[in-house]
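Chemist: Below is the file input-v1.cif, which contains mmCIF, C-alpha atoms and all ligand atoms.
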data_entry
#
loop_
_atom_site.label_atom_id
_atom_site.label_comp_id
_atom_site.auth_asym_id
_atom_site.auth_seq_id
_atom_site.Cartn_x
_atom_site.Cartn_y
_atom_site.Cartn_z
CA MET U 1460 -62.90 -68.53 21.00
CA GLN U 1461 -61.62 -67.35 24.39
CA ILE U 1462 -57.95 -68.06 25.22
CA ILE U 1463 -57.44 -68.04 28.98
CA ASP U 1464 -54.25 -68.52 30.99
CA SER U 1465 -55.27 -67.94 34.60
CA LEU U 1466 -57.78 -69.48 36.96
CA LEU U 1467 -60.00 -66.55 37.94
CA PRO U 1468 -61.08 -65.65 34.38
CA LEU U 1469 -61.34 -69.38 33.64
CA ARG U 1470 -63.90 -69.81 36.41
CA SER U 1471 -66.11 -66.98 35.17
CA ALA U 1472 -65.82 -68.17 31.54
CA ILE U 1473 -66.80 -71.71 32.61
CA GLU U 1474 -69.79 -70.36 34.56
CA GLY U 1475 -70.90 -68.52 31.41
CA LEU U 1476 -70.59 -71.63 29.24
CA ARG U 1477 -72.39 -73.77 31.81
CA ARG U 1478 -75.34 -71.38 31.88
CA ASP U 1479 -75.55 -71.88 28.15
CA GLY U 1480 -75.31 -75.70 28.04
CA THR U 1481 -72.87 -78.58 28.46
CA ILE U 1482 -69.07 -78.63 28.16
CA ALA U 1483 -66.78 -81.27 26.65
CA LEU U 1484 -63.07 -81.02 27.50
CA VAL U 1485 -60.23 -82.20 25.26
CA PRO U 1486 -57.04 -82.22 27.39
CA THR U 1487 -53.85 -81.85 25.30
CA MET U 1488 -50.21 -80.89 25.59
CA GLY U 1489 -50.47 -78.88 22.36
CA ALA U 1490 -48.52 -79.42 19.11
CA LEU U 1491 -51.94 -80.28 17.76
CA HIS U 1492 -52.44 -82.61 14.81
CA GLU U 1493 -55.35 -84.32 13.07
CA GLY U 1494 -55.67 -86.79 15.98
CA HIS U 1495 -56.42 -83.91 18.37
CA LEU U 1496 -58.78 -82.29 15.88
CA THR U 1497 -60.69 -85.58 15.65
CA LEU U 1498 -61.12 -85.45 19.45
CA VAL U 1499 -62.33 -81.84 19.17
CA ARG U 1500 -64.89 -82.79 16.51
CA GLU U 1501 -66.11 -85.77 18.55
CA ALA U 1502 -66.38 -83.46 21.58
CA GLY U 1503 -68.53 -81.06 19.54
CA LYS U 1504 -71.00 -83.88 18.83
CA ARG U 1505 -71.54 -84.46 22.54
CA ALA U 1506 -71.75 -81.04 24.18
CA SER U 1507 -72.87 -77.46 23.49
CA HIS U 1508 -69.32 -76.16 24.09
CA VAL U 1509 -65.85 -77.59 23.49
CA ALA U 1510 -62.97 -76.56 25.76
CA VAL U 1511 -59.41 -77.56 24.84
CA SER U 1512 -56.63 -77.44 27.43
CA ILE U 1513 -53.06 -76.94 26.25
CA PHE U 1514 -50.48 -77.57 28.96
CA VAL U 1515 -47.13 -79.34 28.72
CA ASN U 1516 -47.31 -80.97 32.12
CA PRO U 1517 -43.84 -81.11 33.71
CA ARG U 1518 -44.95 -83.65 36.34
CA GLN U 1519 -45.49 -86.41 33.76
CA PHE U 1520 -41.94 -86.17 32.33
CA GLY U 1521 -39.15 -88.10 34.06
CA ALA U 1522 -35.51 -87.00 34.43
CA GLY U 1523 -33.77 -87.15 31.06
CA GLU U 1524 -37.08 -87.19 29.13
CA ASP U 1525 -38.11 -84.68 26.45
CA LEU U 1526 -39.79 -81.96 28.59
CA ASP U 1527 -37.56 -79.20 27.17
CA ALA U 1528 -37.71 -80.50 23.59
CA TYR U 1529 -41.49 -81.06 23.62
CA PRO U 1530 -42.92 -78.79 20.87
CA ARG U 1531 -44.65 -75.66 22.18
CA GLN U 1532 -46.63 -73.69 19.56
CA LEU U 1533 -49.58 -72.07 21.27
CA GLU U 1534 -50.27 -69.57 18.49
CA ALA U 1535 -50.28 -72.19 15.74
CA ASP U 1536 -52.44 -74.47 17.93
CA CYS U 1537 -54.97 -71.67 18.53
CA ALA U 1538 -55.03 -70.90 14.80
CA LEU U 1539 -55.95 -74.53 14.14
CA LEU U 1540 -58.62 -74.51 16.84
CA ARG U 1541 -60.17 -71.32 15.43
CA GLY U 1542 -61.08 -73.42 12.40
CA GLU U 1543 -63.06 -75.77 14.67
CA ASN U 1544 -66.07 -75.20 16.87
CA VAL U 1545 -64.10 -74.45 20.06
CA SER U 1546 -65.44 -72.04 22.70
CA LEU U 1547 -62.46 -71.92 25.04
CA VAL U 1548 -58.74 -72.70 25.17
CA TRP U 1549 -57.32 -73.16 28.67
CA ALA U 1550 -53.55 -72.63 28.46
CA PRO U 1551 -52.17 -72.12 31.98
CA LYS U 1552 -48.51 -71.48 32.76
CA PRO U 1553 -46.75 -74.07 34.99
CA ALA U 1554 -46.81 -71.62 37.95
CA GLU U 1555 -50.60 -71.30 37.63
CA MET U 1556 -51.04 -75.08 37.66
CA TYR U 1557 -48.40 -75.80 40.32
CA PRO U 1558 -47.98 -72.65 42.43
CA GLN U 1559 -45.26 -72.26 45.04
CA GLY U 1560 -45.80 -74.85 47.78
CA TYR U 1561 -47.76 -77.27 45.61
CA ALA U 1562 -47.52 -80.67 47.34
CA THR U 1563 -50.28 -83.03 46.19
CA ASN U 1564 -49.87 -86.11 44.03
CA ILE U 1565 -52.44 -88.62 42.76
CA SER U 1566 -51.13 -92.13 42.34
CA VAL U 1567 -53.23 -94.86 40.73
CA SER U 1568 -51.97 -98.41 41.25
CA GLY U 1569 -52.86 -101.53 39.24
CA VAL U 1570 -53.56 -100.34 35.69
CA SER U 1571 -50.63 -97.91 35.86
CA GLU U 1572 -48.14 -100.73 36.46
CA GLY U 1573 -45.98 -102.13 33.66
CA LEU U 1574 -46.02 -100.96 30.03
CA CYS U 1575 -45.37 -97.17 30.05
CA GLY U 1576 -45.72 -97.15 33.85
CA GLY U 1577 -42.77 -99.54 34.08
CA ASP U 1578 -40.55 -97.61 31.67
CA ARG U 1579 -41.51 -94.14 32.89
CA PRO U 1580 -41.68 -94.16 36.71
CA GLY U 1581 -43.98 -91.42 38.02
CA HIS U 1582 -45.41 -90.70 34.57
CA PHE U 1583 -48.96 -91.79 35.37
CA ASP U 1584 -48.92 -90.00 38.76
CA GLY U 1585 -48.21 -86.84 36.78
CA VAL U 1586 -50.99 -87.62 34.30
CA ALA U 1587 -53.59 -88.49 36.97
CA THR U 1588 -52.70 -85.39 38.98
CA VAL U 1589 -52.94 -82.93 36.10
CA VAL U 1590 -56.08 -84.51 34.63
CA CYS U 1591 -57.82 -84.40 38.03
CA LYS U 1592 -56.90 -80.70 38.28
CA LEU U 1593 -58.11 -80.03 34.72
CA PHE U 1594 -61.41 -81.77 35.52
CA ASN U 1595 -61.83 -79.64 38.67
CA GLN U 1596 -60.93 -76.45 36.83
CA VAL U 1597 -63.13 -76.92 33.76
CA LEU U 1598 -65.90 -79.07 35.36
CA PRO U 1599 -66.70 -80.74 32.03
CA ASP U 1600 -69.70 -82.95 31.37
CA PHE U 1601 -67.54 -85.03 28.99
CA ALA U 1602 -63.81 -85.52 28.50
CA LEU U 1603 -62.26 -87.08 25.42
CA PHE U 1604 -58.90 -88.86 25.10
CA GLY U 1605 -57.18 -90.71 22.26
CA GLU U 1606 -57.04 -94.49 22.49
CA LYS U 1607 -53.41 -94.34 21.36
CA ASP U 1608 -52.71 -93.79 25.07
CA TRP U 1609 -54.90 -96.74 26.11
CA GLN U 1610 -53.13 -97.23 29.46
CA GLN U 1611 -53.50 -93.50 30.22
CA LEU U 1612 -57.24 -93.78 29.55
CA ALA U 1613 -57.47 -96.76 31.94
CA VAL U 1614 -55.59 -94.79 34.63
CA ILE U 1615 -57.86 -91.74 34.22
CA ARG U 1616 -61.05 -93.84 34.37
CA ARG U 1617 -59.79 -95.63 37.50
CA MET U 1618 -58.91 -92.28 39.11
CA ALA U 1619 -62.34 -90.81 38.28
CA ARG U 1620 -64.08 -93.91 39.69
CA ASP U 1621 -61.97 -94.05 42.84
CA LEU U 1622 -62.26 -90.33 43.62
CA ASP U 1623 -66.02 -90.29 42.89
CA LEU U 1624 -65.58 -87.57 40.29
CA THR U 1625 -68.83 -86.38 38.77
CA ARG U 1626 -67.55 -83.79 36.32
CA PRO U 1627 -67.07 -85.75 34.23
CA ALA U 1628 -68.71 -88.96 35.44
CA VAL U 1629 -66.59 -91.98 34.60
CA GLY U 1630 -69.08 -93.04 31.90
CA ASN U 1631 -68.51 -89.70 30.17
CA ILE U 1632 -64.76 -90.20 29.84
CA ILE U 1633 -64.69 -91.11 26.19
CA GLY U 1634 -61.91 -92.93 24.30
CA VAL U 1635 -61.61 -92.06 20.61
CA PRO U 1636 -59.95 -94.52 18.17
CA THR U 1637 -56.38 -93.73 17.12
CA VAL U 1638 -56.01 -91.57 14.02
CA ARG U 1639 -53.33 -92.94 11.66
CA GLU U 1640 -51.23 -91.61 8.80
CA ALA U 1641 -51.71 -93.18 5.35
CA ASP U 1642 -48.94 -95.74 6.08
CA GLY U 1643 -50.57 -96.75 9.37
CA LEU U 1644 -48.34 -94.84 11.81
CA ALA U 1645 -50.37 -93.53 14.75
CA MET U 1646 -50.42 -89.71 14.78
CA SER U 1647 -48.40 -88.25 17.64
CA SER U 1648 -46.83 -84.88 18.43
CA ARG U 1649 -43.60 -86.85 19.01
CA ASN U 1650 -43.49 -88.01 15.35
CA ALA U 1651 -42.00 -84.53 14.75
CA TYR U 1652 -38.74 -85.81 16.32
CA LEU U 1653 -38.19 -88.25 13.41
CA THR U 1654 -35.94 -87.53 10.44
CA PRO U 1655 -37.51 -88.31 7.03
CA SER U 1656 -35.77 -91.71 6.85
CA GLN U 1657 -36.75 -92.59 10.44
CA ARG U 1658 -40.30 -91.48 9.65
CA ALA U 1659 -40.38 -93.90 6.70
CA GLU U 1660 -38.98 -96.74 8.86
CA ALA U 1661 -41.47 -95.99 11.64
CA ALA U 1662 -44.25 -97.52 9.53
CA THR U 1663 -42.67 -100.90 10.38
CA LEU U 1664 -44.35 -100.53 13.78
CA PRO U 1665 -48.04 -100.70 12.77
CA ARG U 1666 -47.25 -103.12 9.92
CA SER U 1667 -45.43 -105.58 12.20
CA MET U 1668 -48.09 -105.21 14.89
CA ARG U 1669 -50.84 -106.10 12.38
CA ALA U 1670 -48.87 -109.16 11.25
CA ALA U 1671 -48.33 -110.27 14.88
CA ILE U 1672 -52.04 -109.83 15.64
CA ALA U 1673 -53.05 -111.90 12.60
CA ALA U 1674 -50.66 -114.67 13.72
CA ILE U 1675 -51.93 -114.65 17.32
CA GLU U 1676 -55.57 -114.67 16.17
CA GLN U 1677 -54.76 -117.69 14.00
CA GLY U 1678 -53.37 -119.53 17.03
CA ALA U 1679 -49.61 -118.85 16.86
CA PRO U 1680 -47.92 -119.00 20.31
CA VAL U 1681 -48.01 -115.54 21.90
CA GLY U 1682 -44.47 -115.52 23.36
CA GLN U 1683 -42.82 -116.58 20.12
CA THR U 1684 -44.89 -114.13 18.05
CA LEU U 1685 -43.92 -111.23 20.32
CA GLU U 1686 -40.25 -112.22 20.07
CA SER U 1687 -40.44 -112.18 16.29
CA LEU U 1688 -42.27 -108.81 16.42
CA ARG U 1689 -39.39 -107.37 18.46
CA ALA U 1690 -36.84 -108.76 15.94
CA LYS U 1691 -38.80 -107.30 12.99
CA LEU U 1692 -38.84 -103.85 14.61
CA VAL U 1693 -35.09 -103.88 15.19
CA ALA U 1694 -34.46 -105.15 11.64
CA GLY U 1695 -36.79 -102.40 10.38
CA GLY U 1696 -34.78 -99.53 11.91
CA PHE U 1697 -35.88 -99.30 15.56
CA SER U 1698 -32.93 -99.15 17.98
CA SER U 1699 -34.73 -100.94 20.83
CA VAL U 1700 -38.11 -102.19 21.97
CA ASP U 1701 -39.20 -101.12 25.47
CA TYR U 1702 -42.10 -103.57 25.50
CA ALA U 1703 -44.23 -105.73 23.22
CA GLU U 1704 -47.00 -107.33 25.26
CA LEU U 1705 -50.42 -108.88 24.95
CA ARG U 1706 -52.76 -107.68 27.69
CA ASP U 1707 -56.42 -107.87 28.66
CA ALA U 1708 -58.09 -104.81 27.09
CA ASP U 1709 -59.92 -103.81 30.30
CA SER U 1710 -57.88 -104.95 33.31
CA LEU U 1711 -54.56 -104.65 31.44
CA ALA U 1712 -53.50 -107.98 33.02
CA PRO U 1713 -50.64 -109.57 31.03
CA LEU U 1714 -51.75 -112.50 28.81
CA SER U 1715 -49.56 -115.39 27.69
CA THR U 1716 -52.39 -116.93 25.66
CA LEU U 1717 -55.42 -115.50 23.91
CA GLY U 1718 -58.54 -116.07 26.03
CA PRO U 1719 -62.26 -115.39 25.63
CA ASN U 1720 -62.03 -111.67 26.51
CA PRO U 1721 -60.95 -108.76 24.30
CA ALA U 1722 -57.18 -108.31 24.33
CA ARG U 1723 -54.78 -105.69 23.01
CA LEU U 1724 -51.25 -105.70 21.72
CA PHE U 1725 -49.15 -102.91 23.27
CA VAL U 1726 -45.76 -101.81 21.91
CA ALA U 1727 -43.26 -99.07 22.77
CA ALA U 1728 -40.12 -98.84 20.65
CA ARG U 1729 -37.35 -96.33 20.09
CA ILE U 1730 -36.21 -94.86 16.79
CA GLY U 1731 -33.73 -91.96 16.64
CA SER U 1732 -34.65 -89.65 19.52
CA GLY U 1733 -38.30 -90.75 19.37
CA ARG U 1734 -40.08 -93.28 21.56
CA LEU U 1735 -43.20 -94.43 19.74
CA ILE U 1736 -46.11 -96.22 21.38
CA ASP U 1737 -49.06 -97.97 19.79
CA ASN U 1738 -51.75 -100.47 20.72
CA MET U 1739 -54.27 -102.44 18.69
CA ALA U 1740 -57.23 -104.72 19.36
CA VAL U 1741 -56.78 -108.49 19.25
CA SER U 1742 -59.99 -110.48 18.79
CA PRO U 1743 -60.70 -113.01 21.54
CA ALA U 1744 -60.25 -116.71 20.81
CA SER U 1745 -63.51 -118.23 19.51
CA GLY U 1746 -65.07 -121.33 21.06
O1 LIG U 1801 -52.27 -87.30 26.41
C1 LIG U 1801 -51.82 -86.17 26.71
O2 LIG U 1801 -51.61 -85.31 25.85
C2 LIG U 1801 -51.49 -85.85 28.16
O3 LIG U 1801 -50.99 -86.97 28.81
C3 LIG U 1801 -52.67 -85.24 28.93
C4 LIG U 1801 -53.85 -86.20 29.02
C5 LIG U 1801 -53.12 -83.96 28.23
C6 LIG U 1801 -52.24 -84.88 30.34
O4 LIG U 1801 -51.18 -83.99 30.36
#
Could I get this file's structure written as structure tokens?
Ligand code: PAF

Modeler:
Amino acid sequence: MQIIDSLLPLRSAIEGLRRDGTIALVPTMGALHEGHLTLVREAGKRASHVAVSIFVNPRQFGAGEDLDAYPRQLEADCALLRGENVSLVWAPKPAEMYPQGYATNISVSGVSEGLCGGDRPGHFDGVATVVCKLFNQVLPDFALFGEKDWQQLAVIRRMARDLDLTRPAVGNIIGVPTVREADGLAMSSRNAYLTPSQRAEAATLPRSMRAAIAAIEQGAPVGQTLESLRAKLVAGGFSSVDYAELRDADSLAPLSTLGPNPARLFVAARIGSGRLIDNMAVSPASG
């Protein structure tokens, strides 16, 4: 497994891998957990070589967010990846990614609006920009992302479509279902911010979301159900709820009733110093 931190050696390593077959990229910010390893294993099923990028991207953190606190553990991450079938780790420093004079920003409208885009202005510009650069640097045939960040995946697919990217082609940008802890909490590097009691309370999130989804699928009014979901989260230990919304799974248009198309429930809520996000499928209304 090659570990590379600057562009010139990256380019020659990528050329070598390309001569030998296809490449699947798993972009990450490190602090790897089982969710990331699931992406790595899925990547290995699709391509001859798996490349993992590890870069805590400053441009996707807003003022007052957790850029400084975000866990950085490159050695431990590489040790984990050595146990998987990974050919290359791309771990650039910020100055390699954004050298002096860097001035370009990619901004995707529509799917980036509302939800995390509403609460974290500029966040998805930072994501689209760094992911476009990672795609151009690694030139992967496939790229894999967790569905926990469903809106991020929609932004990246839109960006790839709009900019006519071919490596990877938009159809080869693969979403992988969220990996959950035994109590249902979605795995996230940010779960490390929770104290043991907050961690136990955090399971209220997936539990209350499942109950809300069951109610909506059985015909309960969406607005009222989302209100009671918010109340349950606060009663269960969350300090506030940034959003709890039903949206169309593809266009991300807000829904006030369940229609004939697949929908998803999206929630972001705060507990201690953590902001947890999750989303789950809601089956379309039948008939
Ligand atoms: O999901 C993440 O970890 C990040 O947003 C990504 C896609 C690696 C871009 O920095």

Chemist: Using all atoms listed in the file, which residues have at least one atom no more than 6 Å from ligand LIG 1801 (chain U)? Output them as a list in words.

Modeler: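 Residues satisfying the distance criterion: Pro1486, Thr1487, Met1488, Asn1516, Val1586 and Val1590 of chain U.
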
Chemist: I'd like the contact shell of U:Val1509 - 10 Å cut-off, all atoms listed in the file, skipping same-chain residues fewer than 3 positions apart - returned as an MDAnalysis selection string.

Modeler: chainID U and resid 1460 1476 1481:1485 1499:1506 1543:1548 1599 1601:1602

Chemist: Between U:Thr1588, U:Gln1596, U:Ser1710, U:Gln1559, which is the closest to U:Arg1723 once you count all atoms listed in the file?

Modeler: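 Smallest separation from U:Arg1723 among the options: U:Ser1710.
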
Chemist: Can you pull out the residues contacting U:Ser1656? Cut-off 12 Å, using all atoms listed in the file, and skip same-chain residues under 4 positions away; I want them as a compact mmCIF listing (two decimals) with C-alpha atoms, keeping the file's coordinate frame.

Modeler:
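Okay, this is what ended up in around_20.txt:
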# COMPACT_ATOMS: atom_id res chain seq x y z
CA TYR U 1652 -38.74 -85.81 16.32
CA GLU U 1660 -38.98 -96.74 8.86
CA ALA U 1661 -41.47 -95.99 11.64
CA ALA U 1662 -44.25 -97.52 9.53
CA GLY U 1695 -36.79 -102.40 10.38
CA GLY U 1696 -34.78 -99.53 11.91
CA PHE U 1697 -35.88 -99.30 15.56
CA ILE U 1730 -36.21 -94.86 16.79
CA GLY U 1731 -33.73 -91.96 16.64

Chemist: Quick one: everything within 7 Å of U:Leu1653, counting all atoms listed in the file, minus sequence neighbours fewer than 3 positions away in the same chain. Send it as a list in words.

Modeler: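 The residues that qualify are Asn1650, Gln1657, Arg1658, Gly1731 and Gly1733 of chain U.
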
Chemist: What residues have an atom no more than 6 Å from (-54.0, -71.0, 32.3) in the file's own frame, counting all atoms listed in the file, and can you write them as a PyMOL selection string?

Modeler: chain U and resi 1463-1465+1549-1552

Chemist: Return the single residue from U:Gln1519, U:Ser1507, U:Ser1742, U:Gln1610 that is closest to U:Ile1565, with distances computed using all atoms listed in the file.

Modeler: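 Answer, going by the shortest atom-to-atom distance: U:Gln1519.
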
Chemist: Pick out the residues sitting within 7 Å of U:Asp1737, and hand them over as a list in words; count all atoms listed in the file, and ignore anything fewer than 5 positions along from it in its own chain.

Modeler: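 My list of contacting residues is Lys1607, Ala1645, Phe1725, Val1726 and Ala1727 of chain U.
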
Chemist: Point out the residue among U:Leu1496, U:Val1589, U:Val1638, U:Ala1690 with the least atom-to-atom distance to U:Met1556, counting only C-alpha atoms.

Modeler: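 Nearest to U:Met1556: U:Val1589.
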
Chemist: Kindly give the distance, in Å, that separates atom CA of U:Leu1624 and atom CA of U:Leu1598, rounded to a single decimal.

Modeler: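 That distance, rounded to one decimal, is 9.8 Å.
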
Chemist: As JSON, please report the centre and edge lengths, rounded to one decimal in Å, of the axis-aligned box that holds all listed atoms of stretch 1643-1653 of chain U with 3 Å of padding on each of the six sides.

Modeler:
{"center_x": -44.4, "center_y": -90.6, "center_z": 14.2, "size_x": 18.4, "size_y": 18.2, "size_z": 15.6}

Chemist: Mind filling out stretch 1672-1692 of chain U with N, CA, C and O atoms and sending it as a PDB file, in the frame of the given file?

Modeler:
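The resulting file, out.pdb, is shown below:
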ATOM      1  N   ILE U1672     -50.653-109.620  15.210  1.00  0.00           N
ATOM      2  CA  ILE U1672     -52.040-109.830  15.640  1.00  0.00           C
ATOM      3  C   ILE U1672     -52.696-110.931  14.794  1.00  0.00           C
ATOM      4  O   ILE U1672     -53.354-111.835  15.323  1.00  0.00           O
ATOM      5  N   ALA U1673     -52.455-110.866  13.476  1.00  0.00           N
ATOM      6  CA  ALA U1673     -53.050-111.900  12.600  1.00  0.00           C
ATOM      7  C   ALA U1673     -52.537-113.270  13.015  1.00  0.00           C
ATOM      8  O   ALA U1673     -53.311-114.233  13.108  1.00  0.00           O
ATOM      9  N   ALA U1674     -51.233-113.373  13.325  1.00  0.00           N
ATOM     10  CA  ALA U1674     -50.660-114.670  13.720  1.00  0.00           C
ATOM     11  C   ALA U1674     -51.280-115.154  15.029  1.00  0.00           C
ATOM     12  O   ALA U1674     -51.705-116.311  15.146  1.00  0.00           O
ATOM     13  N   ILE U1675     -51.367-114.258  16.008  1.00  0.00           N
ATOM     14  CA  ILE U1675     -51.930-114.650  17.320  1.00  0.00           C
ATOM     15  C   ILE U1675     -53.391-115.075  17.165  1.00  0.00           C
ATOM     16  O   ILE U1675     -53.827-116.082  17.732  1.00  0.00           O
ATOM     17  N   GLU U1676     -54.143-114.324  16.357  1.00  0.00           N
ATOM     18  CA  GLU U1676     -55.570-114.670  16.170  1.00  0.00           C
ATOM     19  C   GLU U1676     -55.715-116.016  15.475  1.00  0.00           C
ATOM     20  O   GLU U1676     -56.719-116.705  15.654  1.00  0.00           O
ATOM     21  N   GLN U1677     -54.678-116.374  14.669  1.00  0.00           N
ATOM     22  CA  GLN U1677     -54.760-117.690  14.000  1.00  0.00           C
ATOM     23  C   GLN U1677     -54.171-118.803  14.856  1.00  0.00           C
ATOM     24  O   GLN U1677     -54.001-119.920  14.388  1.00  0.00           O
ATOM     25  N   GLY U1678     -53.785-118.478  16.098  1.00  0.00           N
ATOM     26  CA  GLY U1678     -53.370-119.530  17.030  1.00  0.00           C
ATOM     27  C   GLY U1678     -51.863-119.662  17.218  1.00  0.00           C
ATOM     28  O   GLY U1678     -51.408-120.572  17.916  1.00  0.00           O
ATOM     29  N   ALA U1679     -51.066-118.764  16.643  1.00  0.00           N
ATOM     30  CA  ALA U1679     -49.610-118.850  16.860  1.00  0.00           C
ATOM     31  C   ALA U1679     -49.302-118.588  18.339  1.00  0.00           C
ATOM     32  O   ALA U1679     -50.016-117.816  18.989  1.00  0.00           O
ATOM     33  N   PRO U1680     -48.252-119.220  18.890  1.00  0.00           N
ATOM     34  CA  PRO U1680     -47.920-119.000  20.310  1.00  0.00           C
ATOM     35  C   PRO U1680     -47.570-117.528  20.558  1.00  0.00           C
ATOM     36  O   PRO U1680     -46.823-116.921  19.791  1.00  0.00           O
ATOM     37  N   VAL U1681     -48.141-116.979  21.644  1.00  0.00           N
ATOM     38  CA  VAL U1681     -48.010-115.540  21.900  1.00  0.00           C
ATOM     39  C   VAL U1681     -46.547-115.145  22.128  1.00  0.00           C
ATOM     40  O   VAL U1681     -46.039-114.204  21.501  1.00  0.00           O
ATOM     41  N   GLY U1682     -45.841-115.888  23.011  1.00  0.00           N
ATOM     42  CA  GLY U1682     -44.470-115.520  23.360  1.00  0.00           C
ATOM     43  C   GLY U1682     -43.568-115.462  22.132  1.00  0.00           C
ATOM     44  O   GLY U1682     -42.842-114.480  21.922  1.00  0.00           O
ATOM     45  N   GLN U1683     -43.655-116.507  21.321  1.00  0.00           N
ATOM     46  CA  GLN U1683     -42.820-116.580  20.120  1.00  0.00           C
ATOM     47  C   GLN U1683     -43.152-115.457  19.131  1.00  0.00           C
ATOM     48  O   GLN U1683     -42.272-114.860  18.529  1.00  0.00           O
ATOM     49  N   THR U1684     -44.452-115.172  18.993  1.00  0.00           N
ATOM     50  CA  THR U1684     -44.890-114.130  18.050  1.00  0.00           C
ATOM     51  C   THR U1684     -44.372-112.759  18.503  1.00  0.00           C
ATOM     52  O   THR U1684     -43.945-111.945  17.689  1.00  0.00           O
ATOM     53  N   LEU U1685     -44.399-112.528  19.822  1.00  0.00           N
ATOM     54  CA  LEU U1685     -43.920-111.230  20.320  1.00  0.00           C
ATOM     55  C   LEU U1685     -42.412-111.107  20.142  1.00  0.00           C
ATOM     56  O   LEU U1685     -41.895-110.029  19.850  1.00  0.00           O
ATOM     57  N   GLU U1686     -41.701-112.244  20.310  1.00  0.00           N
ATOM     58  CA  GLU U1686     -40.250-112.220  20.070  1.00  0.00           C
ATOM     59  C   GLU U1686     -39.965-111.848  18.622  1.00  0.00           C
ATOM     60  O   GLU U1686     -39.077-111.053  18.322  1.00  0.00           O
ATOM     61  N   SER U1687     -40.721-112.472  17.699  1.00  0.00           N
ATOM     62  CA  SER U1687     -40.440-112.180  16.290  1.00  0.00           C
ATOM     63  C   SER U1687     -40.872-110.750  15.933  1.00  0.00           C
ATOM     64  O   SER U1687     -40.242-110.093  15.098  1.00  0.00           O
ATOM     65  N   LEU U1688     -41.887-110.217  16.611  1.00  0.00           N
ATOM     66  CA  LEU U1688     -42.270-108.810  16.420  1.00  0.00           C
ATOM     67  C   LEU U1688     -41.117-107.886  16.835  1.00  0.00           C
ATOM     68  O   LEU U1688     -40.743-106.957  16.106  1.00  0.00           O
ATOM     69  N   ARG U1689     -40.525-108.176  17.994  1.00  0.00           N
ATOM     70  CA  ARG U1689     -39.390-107.370  18.460  1.00  0.00           C
ATOM     71  C   ARG U1689     -38.263-107.390  17.417  1.00  0.00           C
ATOM     72  O   ARG U1689     -37.688-106.351  17.068  1.00  0.00           O
ATOM     73  N   ALA U1690     -37.947-108.616  16.908  1.00  0.00           N
ATOM     74  CA  ALA U1690     -36.840-108.760  15.940  1.00  0.00           C
ATOM     75  C   ALA U1690     -37.149-107.976  14.667  1.00  0.00           C
ATOM     76  O   ALA U1690     -36.278-107.308  14.105  1.00  0.00           O
ATOM     77  N   LYS U1691     -38.414-108.022  14.216  1.00  0.00           N
ATOM     78  CA  LYS U1691     -38.800-107.300  12.990  1.00  0.00           C
ATOM     79  C   LYS U1691     -38.612-105.792  13.176  1.00  0.00           C
ATOM     80  O   LYS U1691     -38.204-105.086  12.257  1.00  0.00           O
ATOM     81  N   LEU U1692     -38.951-105.292  14.371  1.00  0.00           N
ATOM     82  CA  LEU U1692     -38.840-103.850  14.610  1.00  0.00           C
ATOM     83  C   LEU U1692     -37.376-103.420  14.565  1.00  0.00           C
ATOM     84  O   LEU U1692     -37.031-102.405  13.958  1.00  0.00           O
TER      85      LEU U1692
END
